[in-house]
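What follows is the content of data_1.cif, which has mmCIF, C-alpha atoms:
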```cif
data_run
#
loop_
_atom_site.group_PDB
_atom_site.id
_atom_site.type_symbol
_atom_site.label_atom_id
_atom_site.label_comp_id
_atom_site.auth_asym_id
_atom_site.auth_seq_id
_atom_site.Cartn_x
_atom_site.Cartn_y
_atom_site.Cartn_z
ATOM 1 C CA MET A 88 25.119 -21.984 4.753
ATOM 2 C CA LYS A 89 21.882 -23.867 5.288
ATOM 3 C CA ARG A 90 19.950 -24.468 2.087
ATOM 4 C CA HIS A 91 16.177 -24.431 2.170
ATOM 5 C CA VAL A 92 14.188 -27.200 0.539
ATOM 6 C CA ARG A 93 11.660 -25.737 -1.869
ATOM 7 C CA ALA A 94 8.354 -27.462 -2.513
ATOM 8 C CA ASP A 95 7.350 -28.150 -6.119
ATOM 9 C CA PRO A 96 4.889 -25.332 -6.982
ATOM 10 C CA SER A 97 3.756 -26.981 -10.212
ATOM 11 C CA SER A 98 2.156 -29.946 -8.504
ATOM 12 C CA GLY A 99 -1.193 -28.305 -7.766
ATOM 13 C CA ARG A 100 -4.321 -30.369 -8.302
ATOM 14 C CA ASP A 101 -6.676 -27.961 -10.010
ATOM 15 C CA GLY A 102 -7.387 -30.122 -13.064
ATOM 16 C CA GLY A 103 -4.871 -28.381 -15.317
ATOM 17 C CA ALA A 104 -2.181 -29.914 -17.467
ATOM 18 C CA ALA A 105 1.299 -30.305 -16.053
ATOM 19 C CA LEU A 106 3.382 -27.126 -16.166
ATOM 20 C CA PRO A 107 6.114 -27.242 -18.827
ATOM 21 C CA ALA A 108 9.683 -27.298 -17.524
ATOM 22 C CA SER A 109 10.306 -23.787 -18.882
ATOM 23 C CA PHE A 110 8.192 -21.012 -20.359
ATOM 24 C CA ASP A 111 5.952 -22.232 -23.170
ATOM 25 C CA ILE A 112 3.558 -19.982 -25.084
ATOM 26 C CA ARG A 113 1.305 -23.022 -25.538
ATOM 27 C CA CYS A 114 0.919 -23.585 -21.786
ATOM 28 C CA THR A 115 -2.652 -24.386 -20.662
ATOM 29 C CA ALA A 116 -1.811 -25.548 -17.134
ATOM 30 C CA CYS A 117 -4.441 -23.267 -15.567
ATOM 31 C CA PRO A 118 -7.875 -24.131 -17.060
ATOM 32 C CA ARG A 119 -9.599 -20.902 -16.027
ATOM 33 C CA LEU A 120 -6.876 -18.748 -17.579
ATOM 34 C CA ALA A 121 -6.637 -20.852 -20.725
ATOM 35 C CA GLN A 122 -10.378 -20.529 -21.289
ATOM 36 C CA PHE A 123 -10.317 -16.809 -20.590
ATOM 37 C CA LEU A 124 -7.534 -16.275 -23.120
ATOM 38 C CA ALA A 125 -9.466 -18.265 -25.711
ATOM 39 C CA ASP A 126 -12.450 -15.982 -25.137
ATOM 40 C CA VAL A 127 -10.220 -12.894 -25.424
ATOM 41 C CA ARG A 128 -8.791 -14.148 -28.735
ATOM 42 C CA ASP A 129 -12.325 -14.503 -30.049
ATOM 43 C CA ALA A 130 -13.198 -10.961 -28.958
ATOM 44 C CA HIS A 131 -9.858 -9.420 -29.996
ATOM 45 C CA PRO A 132 -8.390 -11.454 -32.899
ATOM 46 C CA THR A 133 -5.362 -9.159 -33.243
ATOM 47 C CA TYR A 134 -4.312 -9.505 -29.605
ATOM 48 C CA HIS A 135 -1.462 -11.754 -28.490
ATOM 49 C CA ALA A 136 -3.820 -13.272 -25.865
ATOM 50 C CA ARG A 137 -1.482 -16.081 -24.847
ATOM 51 C CA PRO A 138 1.114 -16.534 -22.118
ATOM 52 C CA VAL A 139 3.513 -13.584 -22.241
ATOM 53 C CA ALA A 140 7.211 -14.408 -22.360
ATOM 54 C CA PRO A 141 9.682 -12.575 -20.130
ATOM 55 C CA PHE A 142 11.673 -9.775 -21.751
ATOM 56 C CA GLY A 143 15.406 -9.221 -21.434
ATOM 57 C CA ASN A 144 18.266 -11.067 -19.808
ATOM 58 C CA ALA A 145 19.242 -10.476 -16.188
ATOM 59 C CA LEU A 146 22.502 -12.486 -16.203
ATOM 60 C CA GLY A 147 23.414 -11.705 -12.628
ATOM 61 C CA GLY A 148 21.752 -8.300 -12.657
ATOM 62 C CA LEU A 149 18.131 -7.322 -12.017
ATOM 63 C CA LEU A 150 14.937 -9.339 -12.372
ATOM 64 C CA VAL A 151 11.746 -7.249 -12.237
ATOM 65 C CA VAL A 152 8.642 -9.258 -11.291
ATOM 66 C CA GLY A 153 5.187 -7.827 -11.912
ATOM 67 C CA LEU A 154 1.726 -9.274 -11.284
ATOM 68 C CA ALA A 155 0.324 -10.441 -14.646
ATOM 69 C CA PRO A 156 -0.203 -9.136 -18.191
ATOM 70 C CA GLY A 157 -2.755 -6.336 -18.565
ATOM 71 C CA MET A 158 -5.708 -6.772 -20.904
ATOM 72 C CA HIS A 159 -4.760 -4.028 -23.362
ATOM 73 C CA GLY A 160 -1.062 -3.967 -22.506
ATOM 74 C CA ALA A 161 1.130 -7.069 -22.577
ATOM 75 C CA ASN A 162 -1.858 -9.277 -23.376
ATOM 76 C CA ARG A 163 -2.278 -7.224 -26.557
ATOM 77 C CA THR A 164 1.361 -6.634 -27.509
ATOM 78 C CA GLY A 165 3.020 -9.799 -26.210
ATOM 79 C CA ARG A 166 5.774 -7.917 -24.310
ATOM 80 C CA PRO A 167 5.626 -7.348 -20.526
ATOM 81 C CA PHE A 168 4.471 -3.859 -19.494
ATOM 82 C CA THR A 169 4.180 -2.741 -23.123
ATOM 83 C CA GLY A 170 1.062 -0.892 -24.207
ATOM 84 C CA ASP A 171 -0.333 -0.026 -20.792
ATOM 85 C CA TYR A 172 0.082 2.808 -18.316
ATOM 86 C CA ALA A 173 2.315 0.893 -15.890
ATOM 87 C CA GLY A 174 4.928 0.375 -18.570
ATOM 88 C CA ILE A 175 5.404 4.102 -19.100
ATOM 89 C CA LEU A 176 6.877 4.634 -15.630
ATOM 90 C CA LEU A 177 8.660 1.281 -15.536
ATOM 91 C CA TYR A 178 10.593 1.570 -18.796
ATOM 92 C CA ARG A 179 11.262 5.267 -18.315
ATOM 93 C CA THR A 180 12.823 4.491 -14.953
ATOM 94 C CA LEU A 181 14.750 1.508 -16.299
ATOM 95 C CA HIS A 182 16.185 3.810 -18.975
ATOM 96 C CA ARG A 183 17.098 6.506 -16.487
ATOM 97 C CA PHE A 184 19.100 4.007 -14.415
ATOM 98 C CA GLY A 185 20.836 2.404 -17.375
ATOM 99 C CA PHE A 186 18.821 -0.810 -17.587
ATOM 100 C CA ALA A 187 17.089 0.037 -20.895
ATOM 101 C CA SER A 188 18.232 1.498 -24.209
ATOM 102 C CA HIS A 189 15.337 3.977 -24.345
ATOM 103 C CA ASN A 190 12.036 4.830 -22.657
ATOM 104 C CA GLY A 191 10.038 2.179 -24.492
ATOM 105 C CA SER A 192 6.758 2.634 -26.331
ATOM 106 C CA ASP A 193 3.477 0.907 -27.119
ATOM 107 C CA ASP A 194 5.172 -0.983 -29.965
ATOM 108 C CA PRO A 195 7.020 -4.216 -29.078
ATOM 109 C CA GLY A 196 9.004 -3.757 -32.287
ATOM 110 C CA ASP A 197 10.511 -0.466 -31.125
ATOM 111 C CA GLY A 198 14.048 -1.847 -30.784
ATOM 112 C CA LEU A 199 14.067 -1.534 -26.993
ATOM 113 C CA GLU A 200 16.878 -3.507 -25.378
ATOM 114 C CA LEU A 201 17.391 -4.212 -21.690
ATOM 115 C CA ASN A 202 20.853 -4.150 -20.140
ATOM 116 C CA GLY A 203 21.474 -6.578 -17.284
ATOM 117 C CA CYS A 204 17.738 -6.646 -16.642
ATOM 118 C CA ARG A 205 14.788 -8.941 -17.271
ATOM 119 C CA VAL A 206 11.096 -8.105 -16.875
ATOM 120 C CA THR A 207 8.637 -10.874 -16.103
ATOM 121 C CA ASN A 208 5.379 -11.526 -14.256
ATOM 122 C CA ALA A 209 4.373 -13.766 -11.371
ATOM 123 C CA VAL A 210 1.548 -15.059 -13.585
ATOM 124 C CA LYS A 211 2.269 -15.246 -17.307
ATOM 125 C CA CYS A 212 -1.372 -15.169 -18.485
ATOM 126 C CA LEU A 213 -4.013 -12.463 -18.297
ATOM 127 C CA PRO A 214 -6.391 -13.268 -15.411
ATOM 128 C CA PRO A 215 -10.033 -12.121 -15.303
ATOM 129 C CA GLN A 216 -10.309 -8.742 -13.541
ATOM 130 C CA ASN A 217 -6.512 -8.842 -13.255
ATOM 131 C CA LYS A 218 -6.901 -11.118 -10.224
ATOM 132 C CA PRO A 219 -5.168 -14.493 -10.438
ATOM 133 C CA GLU A 220 -6.361 -17.153 -8.039
ATOM 134 C CA PRO A 221 -3.878 -18.474 -5.445
ATOM 135 C CA ALA A 222 -3.693 -21.852 -7.202
ATOM 136 C CA GLU A 223 -2.776 -20.100 -10.464
ATOM 137 C CA VAL A 224 0.024 -18.162 -8.782
ATOM 138 C CA ARG A 225 1.319 -21.401 -7.286
ATOM 139 C CA ARG A 226 1.143 -23.258 -10.591
ATOM 140 C CA CYS A 227 2.893 -20.525 -12.570
ATOM 141 C CA ASN A 228 5.598 -20.255 -9.911
ATOM 142 C CA GLY A 229 7.455 -23.057 -11.644
ATOM 143 C CA PHE A 230 8.228 -20.679 -14.508
ATOM 144 C CA LEU A 231 9.595 -18.099 -12.062
ATOM 145 C CA VAL A 232 11.768 -20.751 -10.394
ATOM 146 C CA ALA A 233 13.175 -21.684 -13.807
ATOM 147 C CA GLU A 234 13.934 -18.028 -14.579
ATOM 148 C CA LEU A 235 15.721 -17.533 -11.291
ATOM 149 C CA ALA A 236 17.793 -20.669 -11.856
ATOM 150 C CA THR A 237 18.914 -19.663 -15.356
ATOM 151 C CA GLU A 238 19.210 -15.889 -14.938
ATOM 152 C CA LYS A 239 20.788 -15.921 -11.464
ATOM 153 C CA PRO A 240 19.898 -12.291 -10.667
ATOM 154 C CA ARG A 241 21.658 -10.580 -7.789
ATOM 155 C CA ALA A 242 18.671 -8.271 -7.302
ATOM 156 C CA VAL A 243 14.966 -9.028 -7.636
ATOM 157 C CA LEU A 244 12.384 -6.228 -7.664
ATOM 158 C CA ALA A 245 8.859 -7.288 -6.724
ATOM 159 C CA LEU A 246 6.172 -4.882 -7.910
ATOM 160 C CA GLY A 247 3.366 -5.300 -5.400
ATOM 161 C CA GLY A 248 2.358 -7.883 -2.833
ATOM 162 C CA VAL A 249 1.437 -10.714 -5.217
ATOM 163 C CA ALA A 250 4.817 -10.555 -6.940
ATOM 164 C CA HIS A 251 6.553 -10.309 -3.560
ATOM 165 C CA ARG A 252 4.853 -13.456 -2.301
ATOM 166 C CA ALA A 253 5.565 -15.269 -5.584
ATOM 167 C CA VAL A 254 9.291 -14.577 -5.234
ATOM 168 C CA LEU A 255 9.250 -15.803 -1.629
ATOM 169 C CA MET A 256 7.397 -18.929 -2.763
ATOM 170 C CA ALA A 257 10.068 -19.593 -5.384
ATOM 171 C CA PHE A 258 12.748 -19.449 -2.698
ATOM 172 C CA GLY A 259 10.729 -21.485 -0.197
ATOM 173 C CA CYS A 260 10.641 -18.585 2.268
ATOM 174 C CA ALA A 261 8.042 -18.057 4.991
ATOM 175 C CA ILE A 262 5.971 -15.091 3.867
ATOM 176 C CA GLY A 263 5.543 -13.782 7.406
ATOM 177 C CA ALA A 264 9.302 -13.475 7.816
ATOM 178 C CA TYR A 265 9.554 -11.025 4.916
ATOM 179 C CA PRO A 266 6.595 -8.596 5.049
ATOM 180 C CA PHE A 267 5.898 -6.563 1.934
ATOM 181 C CA LYS A 268 6.633 -2.868 2.370
ATOM 182 C CA HIS A 269 7.500 -0.221 -0.168
ATOM 183 C CA ARG A 270 11.278 0.226 -0.408
ATOM 184 C CA ALA A 271 11.972 -2.718 1.878
ATOM 185 C CA ALA A 272 14.918 -4.941 0.982
ATOM 186 C CA TYR A 273 15.681 -8.471 2.136
ATOM 187 C CA ASP A 274 18.611 -10.824 1.660
ATOM 188 C CA LEU A 275 17.023 -14.144 0.754
ATOM 189 C CA PRO A 276 18.393 -17.534 1.847
ATOM 190 C CA ALA A 277 20.319 -19.824 -0.455
ATOM 191 C CA VAL A 278 18.279 -22.513 -2.156
ATOM 192 C CA ALA A 279 19.686 -25.444 -4.117
ATOM 193 C CA GLY A 280 19.560 -24.648 -7.830
ATOM 194 C CA LEU A 281 18.804 -20.940 -7.323
ATOM 195 C CA PRO A 282 21.139 -17.938 -7.035
ATOM 196 C CA ASP A 283 22.851 -17.592 -3.670
ATOM 197 C CA CYS A 284 21.464 -14.870 -1.453
ATOM 198 C CA PRO A 285 19.931 -12.413 -3.933
ATOM 199 C CA ARG A 286 18.497 -9.240 -2.474
ATOM 200 C CA LEU A 287 14.742 -8.793 -2.807
ATOM 201 C CA PHE A 288 13.546 -5.206 -3.210
ATOM 202 C CA ASN A 289 9.918 -4.112 -2.794
ATOM 203 C CA SER A 290 7.946 -1.402 -4.548
ATOM 204 C CA TYR A 291 4.307 -0.614 -4.892
ATOM 205 C CA HIS A 292 3.155 -1.639 -8.348
ATOM 206 C CA CYS A 293 3.536 1.110 -10.951
ATOM 207 C CA SER A 294 -0.125 0.810 -11.958
ATOM 208 C CA ARG A 295 -2.275 3.684 -13.133
ATOM 209 C CA TYR A 296 -4.289 3.519 -9.894
ATOM 210 C CA ASN A 297 -1.233 3.685 -7.634
ATOM 211 C CA THR A 298 0.384 6.534 -9.529
ATOM 212 C CA GLN A 299 -2.782 8.599 -9.969
ATOM 213 C CA THR A 300 -3.657 8.275 -6.280
ATOM 214 C CA LYS A 301 -0.028 9.180 -5.405
ATOM 215 C CA ARG A 302 0.453 5.974 -3.486
ATOM 216 C CA LEU A 303 3.476 5.647 -5.749
ATOM 217 C CA THR A 304 5.177 8.714 -7.177
ATOM 218 C CA ALA A 305 7.954 8.816 -9.749
ATOM 219 C CA ALA A 306 10.332 9.975 -7.013
ATOM 220 C CA MET A 307 9.380 7.016 -4.797
ATOM 221 C CA PHE A 308 9.904 4.596 -7.657
ATOM 222 C CA GLU A 309 13.244 6.112 -8.589
ATOM 223 C CA ALA A 310 14.403 5.864 -4.959
ATOM 224 C CA VAL A 311 13.912 2.097 -5.130
ATOM 225 C CA PHE A 312 15.938 1.918 -8.330
ATOM 226 C CA ALA A 313 18.666 4.045 -6.767
ATOM 227 C CA ASP A 314 18.852 1.460 -3.970
ATOM 228 C CA ILE A 315 19.053 -1.359 -6.514
ATOM 229 C CA LYS A 316 21.715 0.366 -8.583
ATOM 230 C CA ALA A 317 23.838 1.074 -5.503
ATOM 231 C CA PHE A 318 23.511 -2.552 -4.376
ATOM 232 C CA LEU A 319 24.496 -3.965 -7.766
ATOM 233 C CA GLN A 320 27.490 -1.653 -8.027
ATOM 234 C CA SER A 321 28.666 -2.532 -4.513
ATOM 235 C CA SER A 322 28.267 -6.295 -4.942
ATOM 236 C CA ARG A 323 30.256 -6.768 -8.146
#
```
In structure tokens, write the structure found in this file.
Amino acid sequence: MKRHVRADPSSGRDGGAALPASFDIRCTACPRLAQFLADVRDAHPTYHARPVAPFGNALGGLLVVGLAPGMHGANRTGRPFTGDYAGILLYRTLHRFGFASHNGSDDPGDGLELNGCRVTNAVKCLPPQNKPEPAEVRRCNGFLVAELATEKPRAVLALGGVAHRAVLMAFGCAIGAYPFKHRAAYDLPAVAGLPDCPRLFNSYHCSRYNTQTKRLTAAMFEAVFADIKAFLQSSR
């Protein structure tokens, strides 16, 4: 099988420090985000307001990739999708399909455990207006590459277009060859150092806006997870 050569996403020239080899809560590689987080810590001293570590362990199972921490969600609590509206649907659905020990809560100390699942973000820091710049997505992609290499998921769920493109970037795939579409699924090519041929699943992001406007319903979200569960069970 032909292996794609992946460019180094951490070599951007935006004036930031070099990206650490693996996730580091002290990372300041993106100057705009580092300054924004410093300002948030001043305004909200009790908030985590630092890079948010991934949660769980995929170990050949499912890696869920979101956009970035939310201001009063993960940026406050320090756990992905914890404390904001999007996490309600995500963790409830993970629990329903056996990936989580319970429905989750606003408290990162609630004892929630993930089973064969890891939740992360394409960008580990809160961006202003929840809109990371392309250079920031590229820089942070090194963390996602490291996660993929160590976790070796067989299934990757991208929540929204930014996460979808970040996963494709990590695998060195041409974005145009894998268009984002809700409930689409793609077998990705093998890349040296990354898991062989994982399947990439797409879903609209489980944000408050998408669910309240019915762009994404609970039934639509659960259909994606049913696809993922069936794939994982069939590919053991």
Go through A:Arg179, A:Arg241, A:Arg252, A:His135 and flag the residue nearest Ala161 of chain A, using only C-alpha atoms for the distances. A:His135
Suppose a student applies the PyMOL selection byres ((chain A and resi 189-199) around 8) to this structure; what residues should they get, written as an NGL selection string? :A and (164-166 or 169-171 or 175 or 178-182 or 187-188 or 200-201)
Would you please work out which residue, of A:Gly153, A:Leu124, A:Ala136, A:Tyr172, is nearest to Gln299 of chain A when using all atoms listed in the file? A:Tyr172
In Å, how far is it from atom CA of Ala253 of chain A to atom CA of Arg226 of chain A?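 Atom CA of Arg226 of chain A lies at a distance of 10.4 Å from atom CA of Ala253 of chain A.
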Care to translate the PyMOL selection byres ((chain A and resi 322) around 12) into actual residues of this file, as a ChimeraX atom specification? /A:147-148,240-242,284-286,315-321,323
Taking into account all atoms listed in the file, which residue in the set A:Leu154, A:Val224, A:Ala121, A:Cys212 is nearest to Ala245 of chain A?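 The shortest atom-to-atom distance to Ala245 of chain A comes from A:Leu154.
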Given all atoms listed in the file as the counted atoms, nearest of A:Arg270, A:Arg205, A:Lys211, A:Arg163 to Leu120 of chain A: A:Lys211
Between A:Ile262, A:Cys293, A:Val278, A:Ile112, which residue has the minimum interatomic distance to Ala306 of chain A, considering only C-alpha atoms?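 Using only C-alpha atoms, the shortest distance to Ala306 of chain A belongs to A:Cys293.
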Starting from the shown file, work through the PyMOL selection byres ((chain A and resi 235-239) around 8) and note down what comes out as a list in words.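 Listing what the PyMOL selection byres ((chain A and resi 235-239) around 8) selects in the shown file: Asn144, Ala145, Leu146, Gly147, Gly148, Leu231, Val232, Ala233, Glu234, Pro240, Arg241, Gly280, Leu281 and Pro282 of chain A.
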Which value, in Å to one decimal, gives the distance between atom CA of Val311 of chain A and atom CA of Val254 of chain A? 17.3 Å
Nearest residue to Glu223 of chain A out of A:Val249, A:Leu255, A:Leu176, A:Leu150, using all atoms listed in the file? A:Val249
Could you jot down the atom CA of Pro141 of chain A to atom CA of Ala271 of chain A separation for me, Å, one decimal place?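 Result for atom CA of Pro141 of chain A versus atom CA of Ala271 of chain A: 24.2 Å, one decimal.
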Is it possible to add N, CA and C atoms to segment 249-277 of chain A and hand it back as a short mmCIF file (atom, residue, chain, number, x, y, z; two decimals), keeping the file's coordinate frame?
```cif
data_model
loop_
_atom_site.label_atom_id
_atom_site.label_comp_id
_atom_site.auth_asym_id
_atom_site.auth_seq_id
_atom_site.Cartn_x
_atom_site.Cartn_y
_atom_site.Cartn_z
N VAL A 249 1.54 -9.40 -4.57
CA VAL A 249 1.44 -10.71 -5.22
C VAL A 249 2.79 -11.15 -5.75
N ALA A 250 3.49 -10.24 -6.42
CA ALA A 250 4.82 -10.56 -6.94
C ALA A 250 5.78 -10.86 -5.80
N HIS A 251 5.69 -10.09 -4.73
CA HIS A 251 6.55 -10.31 -3.56
C HIS A 251 6.37 -11.72 -3.01
N ARG A 252 5.12 -12.12 -2.85
CA ARG A 252 4.85 -13.46 -2.30
C ARG A 252 5.27 -14.55 -3.28
N ALA A 253 5.15 -14.28 -4.59
CA ALA A 253 5.56 -15.27 -5.58
C ALA A 253 7.07 -15.50 -5.53
N VAL A 254 7.84 -14.43 -5.34
CA VAL A 254 9.29 -14.58 -5.23
C VAL A 254 9.64 -15.38 -3.98
N LEU A 255 8.99 -15.06 -2.87
CA LEU A 255 9.25 -15.80 -1.63
C LEU A 255 8.89 -17.28 -1.80
N MET A 256 7.80 -17.55 -2.49
CA MET A 256 7.40 -18.93 -2.76
C MET A 256 8.48 -19.65 -3.55
N ALA A 257 9.04 -18.98 -4.55
CA ALA A 257 10.07 -19.59 -5.38
C ALA A 257 11.30 -19.97 -4.57
N PHE A 258 11.59 -19.18 -3.54
CA PHE A 258 12.75 -19.45 -2.70
C PHE A 258 12.39 -20.27 -1.46
N GLY A 259 11.13 -20.68 -1.34
CA GLY A 259 10.73 -21.48 -0.20
C GLY A 259 10.77 -20.73 1.11
N CYS A 260 10.56 -19.42 1.07
CA CYS A 260 10.64 -18.58 2.27
C CYS A 260 9.28 -18.44 2.93
N ALA A 261 9.27 -18.33 4.24
CA ALA A 261 8.04 -18.06 4.99
C ALA A 261 7.63 -16.61 4.74
N ILE A 262 6.42 -16.44 4.24
CA ILE A 262 5.97 -15.09 3.87
C ILE A 262 5.98 -14.15 5.05
N GLY A 263 5.60 -14.64 6.23
CA GLY A 263 5.54 -13.78 7.41
C GLY A 263 6.89 -13.25 7.84
N ALA A 264 7.96 -13.91 7.42
CA ALA A 264 9.30 -13.48 7.82
C ALA A 264 9.82 -12.33 6.96
N TYR A 265 9.12 -12.07 5.85
CA TYR A 265 9.55 -11.02 4.92
C TYR A 265 8.33 -10.20 4.50
N PRO A 266 7.81 -9.35 5.38
CA PRO A 266 6.60 -8.60 5.05
C PRO A 266 6.82 -7.62 3.90
N PHE A 267 5.80 -7.51 3.04
CA PHE A 267 5.90 -6.56 1.93
C PHE A 267 5.77 -5.14 2.46
N LYS A 268 6.66 -4.28 2.00
CA LYS A 268 6.63 -2.87 2.37
C LYS A 268 7.39 -2.10 1.31
N HIS A 269 6.82 -1.00 0.86
CA HIS A 269 7.50 -0.22 -0.17
C HIS A 269 8.89 0.18 0.29
N ARG A 270 9.86 -0.06 -0.57
CA ARG A 270 11.28 0.23 -0.41
C ARG A 270 11.97 -0.68 0.62
N ALA A 271 11.30 -1.73 1.03
CA ALA A 271 11.97 -2.72 1.88
C ALA A 271 12.94 -3.52 1.03
N ALA A 272 13.95 -4.09 1.67
CA ALA A 272 14.92 -4.94 0.98
C ALA A 272 15.30 -6.08 1.91
N TYR A 273 15.38 -7.28 1.34
CA TYR A 273 15.68 -8.47 2.14
C TYR A 273 16.73 -9.32 1.42
N ASP A 274 17.68 -9.84 2.19
CA ASP A 274 18.61 -10.82 1.66
C ASP A 274 17.97 -12.19 1.83
N LEU A 275 17.71 -12.87 0.71
CA LEU A 275 17.02 -14.14 0.75
C LEU A 275 18.00 -15.28 1.01
N PRO A 276 17.52 -16.40 1.55
CA PRO A 276 18.39 -17.53 1.85
C PRO A 276 18.79 -18.28 0.58
N ALA A 277 19.87 -19.01 0.67
CA ALA A 277 20.32 -19.82 -0.46
C ALA A 277 19.41 -21.04 -0.61
#
```
